[in-house]
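Accompanying notes for the structure given below.
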Amino acid sequence: MAVLPFRLRLRTAAISGLSPSTSVVCPSRQHRDGGSFSCRAAAAAGGPIIVSGDPPTFVSAPGRRIVAVGDLHGDLHQTRAALVMAGVLSAESDCHVWTGGQTVLVQVGDILDRGEDEIAILSLLSSLNVQAKSQGGAVFQVNGNHETMNVEGDFRYVDPGSFDECIRFLEYLEEFDGEWDDAFLNWVNVSQRWKEEYRVSPNGDWLPLNFVKKNKGFAARASLFKQGGPLACELARHPVVLNVNDWMFCHGGLLPHHVEYGIERINKEVSNWMQCSNEDSDDTNLPFMATRGYDSVVWTRLYSQDSVERTRRSWDLSSIIAEQTLKSVGAKGMVVGHTPQTRGVNCKCDGKVWCIDVGMSYGVLHSRPEVRINLLNP
């Protein structure tokens, strides 16, 4: 399936009157997901990809090539490089075409913060998913701690260029008159053409005393990512824990008490929290099990911390906990991000946990992109 037709006519009208409470239409889950969680292609070699849960929680992808990619943090250039390396994205810079056939791609969270092309990356992955499904493949995303932080309104790690992207994205949405899916899926093309034409500087014009620009950027981002906002609803499509062919994908790590609480329950609670538009709600509605604390699903570093920073006893304990967790869900192994691996993608906990965050974004380590391929074929 080819990418959506390109539309460029960006509005130049200012949005100076925008406030954090500005109402933006939330995307419908039905259009792109079709009310179903099965990807069926007649020519699928091992049968259809079957997805259960809303958001997706369990995936059966028989006979598929599986690719896992770590934290992207707003760096579209490095994201493209990683996906081209994995064989799922066309190498031409002026188009974004799925080349992975029946491959299943899984991204383990932290698309947001530290880089300036966050919405473009979200758009790219969603567009590739639409294309992949038509060929018997699929693209899955897992939410990380930076996704939940932004829905909470925590913008401490936002790159100045990302505030600019939020402003431009809201202006662009005015053209589509409620056609969210077309607008969102095509944004990756629009944003890059806009940059080329206007030669945007890396940090925009975010000078220390430019209070008007800062206020406009914060307001735009708040309206998009607040609970019930359009990008919060996009994030709500995705789980925090995903089981693909009996391998567990999550951002920080899965622990025994998460399994006891219930994986589907965790995913559903986080999704519902992100979609909630009740501005009077408080932190008691925030899914603590998944999003808060050093031992939550998106924050724990029990499995991914560098071995030189740990005692032998701590290292052995993490292996035991990983084994217990995987046994309790009947899984073969786990794939996590969250902690940059200075030695590249590697396996820890006696071969049970793959750590795939290599800090590829220019906002982290700007390291060489890496992906993990064919990890999960049964």
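Note on naming: chains are A, B, ... as they come in the structure tokens, residues start from 1 per chain, ligands start from 1 in the order shown.
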
Q: Would you mind listing what lies within 8 Å of stretch 262-271 of chain A as a PyMOL selection string, with only C-alpha atoms counted and same-chain residues fewer than 4 positions away left out?
A: chain A and resi 53-55+57+235-241+258+275+286-287+289-290

Find the nearest atom pair between each residue of stretch 67-138 of chain A and stretch 175-188 of chain A for residues within 12 Å, count only C-alpha atoms, give distances in Å to one decimal, sort rows by chain and ascending number, and present the table as JSON lines.
```
{"residue": "A:Leu76", "atom": "CA", "partner": "A:Val188", "partner_atom": "CA", "distance": 9.2}
{"residue": "A:His77", "atom": "CA", "partner": "A:Val188", "partner_atom": "CA", "distance": 11.7}
{"residue": "A:Arg80", "atom": "CA", "partner": "A:Val188", "partner_atom": "CA", "distance": 11.3}
{"residue": "A:Ser93", "atom": "CA", "partner": "A:Val188", "partner_atom": "CA", "distance": 11.4}
{"residue": "A:Asp94", "atom": "CA", "partner": "A:Val188", "partner_atom": "CA", "distance": 10.4}
{"residue": "A:Cys95", "atom": "CA", "partner": "A:Val188", "partner_atom": "CA", "distance": 9.5}
{"residue": "A:His96", "atom": "CA", "partner": "A:Val188", "partner_atom": "CA", "distance": 8.5}
{"residue": "A:Val97", "atom": "CA", "partner": "A:Val188", "partner_atom": "CA", "distance": 11.8}
{"residue": "A:Asp117", "atom": "CA", "partner": "A:Val188", "partner_atom": "CA", "distance": 8.7}
{"residue": "A:Glu118", "atom": "CA", "partner": "A:Val188", "partner_atom": "CA", "distance": 9.7}
{"residue": "A:Ile119", "atom": "CA", "partner": "A:Val188", "partner_atom": "CA", "distance": 7.6}
{"residue": "A:Ala120", "atom": "CA", "partner": "A:Val188", "partner_atom": "CA", "distance": 4.3}
{"residue": "A:Ile121", "atom": "CA", "partner": "A:Val188", "partner_atom": "CA", "distance": 6.9}
{"residue": "A:Leu122", "atom": "CA", "partner": "A:Val188", "partner_atom": "CA", "distance": 8.3}
{"residue": "A:Ser123", "atom": "CA", "partner": "A:Leu185", "partner_atom": "CA", "distance": 5.0}
{"residue": "A:Leu124", "atom": "CA", "partner": "A:Val188", "partner_atom": "CA", "distance": 5.8}
{"residue": "A:Leu125", "atom": "CA", "partner": "A:Leu185", "partner_atom": "CA", "distance": 8.7}
{"residue": "A:Ser126", "atom": "CA", "partner": "A:Leu185", "partner_atom": "CA", "distance": 6.3}
{"residue": "A:Ser127", "atom": "CA", "partner": "A:Leu185", "partner_atom": "CA", "distance": 5.2}
{"residue": "A:Leu128", "atom": "CA", "partner": "A:Leu185", "partner_atom": "CA", "distance": 9.0}
{"residue": "A:Asn129", "atom": "CA", "partner": "A:Leu185", "partner_atom": "CA", "distance": 10.0}
{"residue": "A:Val130", "atom": "CA", "partner": "A:Leu185", "partner_atom": "CA", "distance": 9.1}
{"residue": "A:Gln131", "atom": "CA", "partner": "A:Leu185", "partner_atom": "CA", "distance": 10.9}
```

Keeping only N, CA and C atoms, write the selected residues to a file as a compact mmCIF listing (two decimals), in the first residue's frame.
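The result, written out as part_2.txt:
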```txt
# COMPACT_ATOMS: atom_id res chain seq x y z
N LEU A 76 13.90 11.66 14.08
CA LEU A 76 13.36 11.01 12.88
C LEU A 76 14.46 10.47 11.99
N HIS A 77 15.56 11.18 11.88
CA HIS A 77 16.66 10.71 11.03
C HIS A 77 17.18 9.36 11.51
N ARG A 80 14.52 6.58 10.97
CA ARG A 80 14.53 6.09 9.59
C ARG A 80 15.72 5.17 9.35
N SER A 93 14.54 9.06 0.85
CA SER A 93 14.21 10.01 1.92
C SER A 93 12.92 10.77 1.68
N ASP A 94 12.41 10.75 0.44
CA ASP A 94 11.22 11.54 0.13
C ASP A 94 9.94 10.72 0.17
N CYS A 95 10.00 9.49 0.62
CA CYS A 95 8.79 8.69 0.77
C CYS A 95 8.95 7.74 1.95
N HIS A 96 7.85 7.25 2.45
CA HIS A 96 7.87 6.38 3.63
C HIS A 96 7.03 5.14 3.33
N VAL A 97 7.66 4.19 2.67
CA VAL A 97 6.97 3.01 2.19
C VAL A 97 7.43 1.77 2.97
N ASP A 117 11.12 15.73 16.48
CA ASP A 117 10.20 15.15 15.48
C ASP A 117 9.32 14.05 16.07
N GLU A 118 8.81 14.26 17.26
CA GLU A 118 8.05 13.21 17.94
C GLU A 118 6.76 12.85 17.21
N ILE A 119 5.97 13.86 16.85
CA ILE A 119 4.69 13.59 16.19
C ILE A 119 4.94 12.96 14.82
N ALA A 120 5.99 13.40 14.15
CA ALA A 120 6.34 12.81 12.85
C ALA A 120 6.66 11.33 12.99
N ILE A 121 7.34 10.93 14.06
CA ILE A 121 7.65 9.51 14.27
C ILE A 121 6.39 8.73 14.58
N LEU A 122 5.52 9.29 15.43
CA LEU A 122 4.24 8.63 15.71
C LEU A 122 3.45 8.45 14.41
N SER A 123 3.46 9.47 13.57
CA SER A 123 2.77 9.41 12.29
C SER A 123 3.38 8.35 11.38
N LEU A 124 4.70 8.31 11.33
CA LEU A 124 5.40 7.33 10.50
C LEU A 124 5.05 5.91 10.89
N LEU A 125 5.12 5.60 12.17
CA LEU A 125 4.84 4.23 12.62
C LEU A 125 3.39 3.84 12.35
N SER A 126 2.47 4.78 12.53
CA SER A 126 1.07 4.48 12.25
C SER A 126 0.83 4.26 10.76
N SER A 127 1.48 5.07 9.93
CA SER A 127 1.36 4.89 8.49
C SER A 127 1.94 3.54 8.06
N LEU A 128 3.09 3.19 8.61
CA LEU A 128 3.69 1.90 8.28
C LEU A 128 2.82 0.73 8.73
N ASN A 129 2.12 0.91 9.84
CA ASN A 129 1.23 -0.15 10.32
C ASN A 129 0.09 -0.39 9.34
N VAL A 130 -0.50 0.67 8.82
CA VAL A 130 -1.57 0.54 7.84
C VAL A 130 -1.05 -0.22 6.61
N GLN A 131 0.13 0.15 6.15
CA GLN A 131 0.71 -0.51 4.98
C GLN A 131 1.07 -1.96 5.28
```

Q. Between atom CA of A:Trp299 and atom CA of A:Gly144, what is the spacing in Å?
A. 8.0 Å

(Q) Residues near A:Arg372, anyone? I mean within 10 Å using only C-alpha atoms, not counting same-chain ones fewer than 2 positions away, as number ranges by chain. (A) A: 66-70, 86, 105-106, 335, 345-346, 354-356, 370, 374-376

Dump N, CA, C and O atoms for the selected residues as a PDB file, in the first residue's frame?
```pdb
ATOM      1  N   ILE A  66      10.375 -11.090  13.105  1.00  0.00           N
ATOM      2  CA  ILE A  66      10.068 -10.098  14.142  1.00  0.00           C
ATOM      3  C   ILE A  66      11.255  -9.150  14.297  1.00  0.00           C
ATOM      4  O   ILE A  66      12.399  -9.577  14.406  1.00  0.00           O
ATOM      5  N   VAL A  67      10.975  -7.856  14.298  1.00  0.00           N
ATOM      6  CA  VAL A  67      11.999  -6.832  14.478  1.00  0.00           C
ATOM      7  C   VAL A  67      11.635  -5.990  15.689  1.00  0.00           C
ATOM      8  O   VAL A  67      10.496  -5.527  15.816  1.00  0.00           O
ATOM      9  N   ALA A  68      12.582  -5.784  16.594  1.00  0.00           N
ATOM     10  CA  ALA A  68      12.360  -4.954  17.777  1.00  0.00           C
ATOM     11  C   ALA A  68      13.298  -3.755  17.731  1.00  0.00           C
ATOM     12  O   ALA A  68      14.495  -3.900  17.452  1.00  0.00           O
ATOM     13  N   VAL A  69      12.750  -2.566  18.007  1.00  0.00           N
ATOM     14  CA  VAL A  69      13.551  -1.347  18.016  1.00  0.00           C
ATOM     15  C   VAL A  69      13.324  -0.602  19.324  1.00  0.00           C
ATOM     16  O   VAL A  69      12.211  -0.580  19.849  1.00  0.00           O
ATOM     17  N   GLY A  70      14.382  -0.008  19.841  1.00  0.00           N
ATOM     18  CA  GLY A  70      14.322   0.631  21.149  1.00  0.00           C
ATOM     19  C   GLY A  70      13.906   2.093  21.108  1.00  0.00           C
ATOM     20  O   GLY A  70      13.267   2.570  20.165  1.00  0.00           O
ATOM     21  N   ALA A  86      16.626  -2.367   9.270  1.00  0.00           N
ATOM     22  CA  ALA A  86      15.829  -3.553   9.581  1.00  0.00           C
ATOM     23  C   ALA A  86      15.102  -4.115   8.366  1.00  0.00           C
ATOM     24  O   ALA A  86      14.495  -5.182   8.442  1.00  0.00           O
ATOM     25  N   LEU A 105       6.922  -5.515  13.363  1.00  0.00           N
ATOM     26  CA  LEU A 105       7.820  -4.557  14.000  1.00  0.00           C
ATOM     27  C   LEU A 105       7.248  -4.159  15.352  1.00  0.00           C
ATOM     28  O   LEU A 105       6.066  -3.841  15.453  1.00  0.00           O
ATOM     29  N   VAL A 106       8.081  -4.166  16.378  1.00  0.00           N
ATOM     30  CA  VAL A 106       7.667  -3.746  17.720  1.00  0.00           C
ATOM     31  C   VAL A 106       8.623  -2.665  18.214  1.00  0.00           C
ATOM     32  O   VAL A 106       9.843  -2.872  18.239  1.00  0.00           O
ATOM     33  N   VAL A 335      11.784  -8.319  26.210  1.00  0.00           N
ATOM     34  CA  VAL A 335      12.503  -7.294  25.457  1.00  0.00           C
ATOM     35  C   VAL A 335      12.162  -5.943  26.072  1.00  0.00           C
ATOM     36  O   VAL A 335      10.990  -5.589  26.178  1.00  0.00           O
ATOM     37  N   VAL A 345      22.965  -3.296  21.700  1.00  0.00           N
ATOM     38  CA  VAL A 345      21.951  -4.299  22.052  1.00  0.00           C
ATOM     39  C   VAL A 345      22.625  -5.512  22.674  1.00  0.00           C
ATOM     40  O   VAL A 345      23.627  -6.023  22.158  1.00  0.00           O
ATOM     41  N   ASN A 346      22.093  -5.963  23.795  1.00  0.00           N
ATOM     42  CA  ASN A 346      22.698  -7.107  24.478  1.00  0.00           C
ATOM     43  C   ASN A 346      21.659  -7.871  25.280  1.00  0.00           C
ATOM     44  O   ASN A 346      20.533  -7.406  25.476  1.00  0.00           O
ATOM     45  N   TRP A 354      16.389  -9.192  26.681  1.00  0.00           N
ATOM     46  CA  TRP A 354      17.117  -8.407  25.687  1.00  0.00           C
ATOM     47  C   TRP A 354      16.907  -6.923  25.971  1.00  0.00           C
ATOM     48  O   TRP A 354      15.784  -6.469  26.106  1.00  0.00           O
ATOM     49  N   CYS A 355      18.020  -6.181  26.043  1.00  0.00           N
ATOM     50  CA  CYS A 355      17.984  -4.739  26.291  1.00  0.00           C
ATOM     51  C   CYS A 355      18.352  -4.038  24.990  1.00  0.00           C
ATOM     52  O   CYS A 355      19.487  -4.173  24.502  1.00  0.00           O
ATOM     53  N   ILE A 356      17.399  -3.274  24.424  1.00  0.00           N
ATOM     54  CA  ILE A 356      17.591  -2.786  23.054  1.00  0.00           C
ATOM     55  C   ILE A 356      17.613  -1.264  22.920  1.00  0.00           C
ATOM     56  O   ILE A 356      17.625  -0.747  21.805  1.00  0.00           O
ATOM     57  N   GLU A 370      20.645   0.573  16.129  1.00  0.00           N
ATOM     58  CA  GLU A 370      20.671  -0.884  16.149  1.00  0.00           C
ATOM     59  C   GLU A 370      19.238  -1.380  16.331  1.00  0.00           C
ATOM     60  O   GLU A 370      18.409  -0.710  16.939  1.00  0.00           O
ATOM     61  N   ASN A 374      14.597 -11.046  14.087  1.00  0.00           N
ATOM     62  CA  ASN A 374      14.328 -12.476  14.134  1.00  0.00           C
ATOM     63  C   ASN A 374      14.548 -13.078  15.515  1.00  0.00           C
ATOM     64  O   ASN A 374      15.007 -14.212  15.653  1.00  0.00           O
ATOM     65  N   LEU A 375      14.200 -12.315  16.507  1.00  0.00           N
ATOM     66  CA  LEU A 375      14.366 -12.782  17.880  1.00  0.00           C
ATOM     67  C   LEU A 375      13.302 -13.784  18.269  1.00  0.00           C
ATOM     68  O   LEU A 375      13.553 -14.697  19.053  1.00  0.00           O
ATOM     69  N   LEU A 376      12.094 -13.640  17.721  1.00  0.00           N
ATOM     70  CA  LEU A 376      10.960 -14.293  18.332  1.00  0.00           C
ATOM     71  C   LEU A 376      10.311 -15.403  17.530  1.00  0.00           C
ATOM     72  O   LEU A 376       9.284 -15.910  17.944  1.00  0.00           O
TER      73      LEU A 376
END
```

Q | Residue neighbourhood A:Glu152, 12 Å, only C-alpha atoms, exclusion window fewer than 3 positions, as a ChimeraX atom specification | A | /A:145-149,155-156,221-229,232,270,273-276,279,281-283,285-287,291-292

(Q) Can you pull out every residue from stretch 48-174 of chain A that DSSP, working from the backbone, puts in strand (DSSP E), and format the result as a ChimeraX atom specification? (A) /A:49-52,58-60,66-69,104-107,138-141

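Compared by their closest atoms to A:Pro56, and using only C-alpha atoms, the residues A:Thr325, A:Pro256, A:Thr103, A:Phe249 rank with A:Phe249 nearest.
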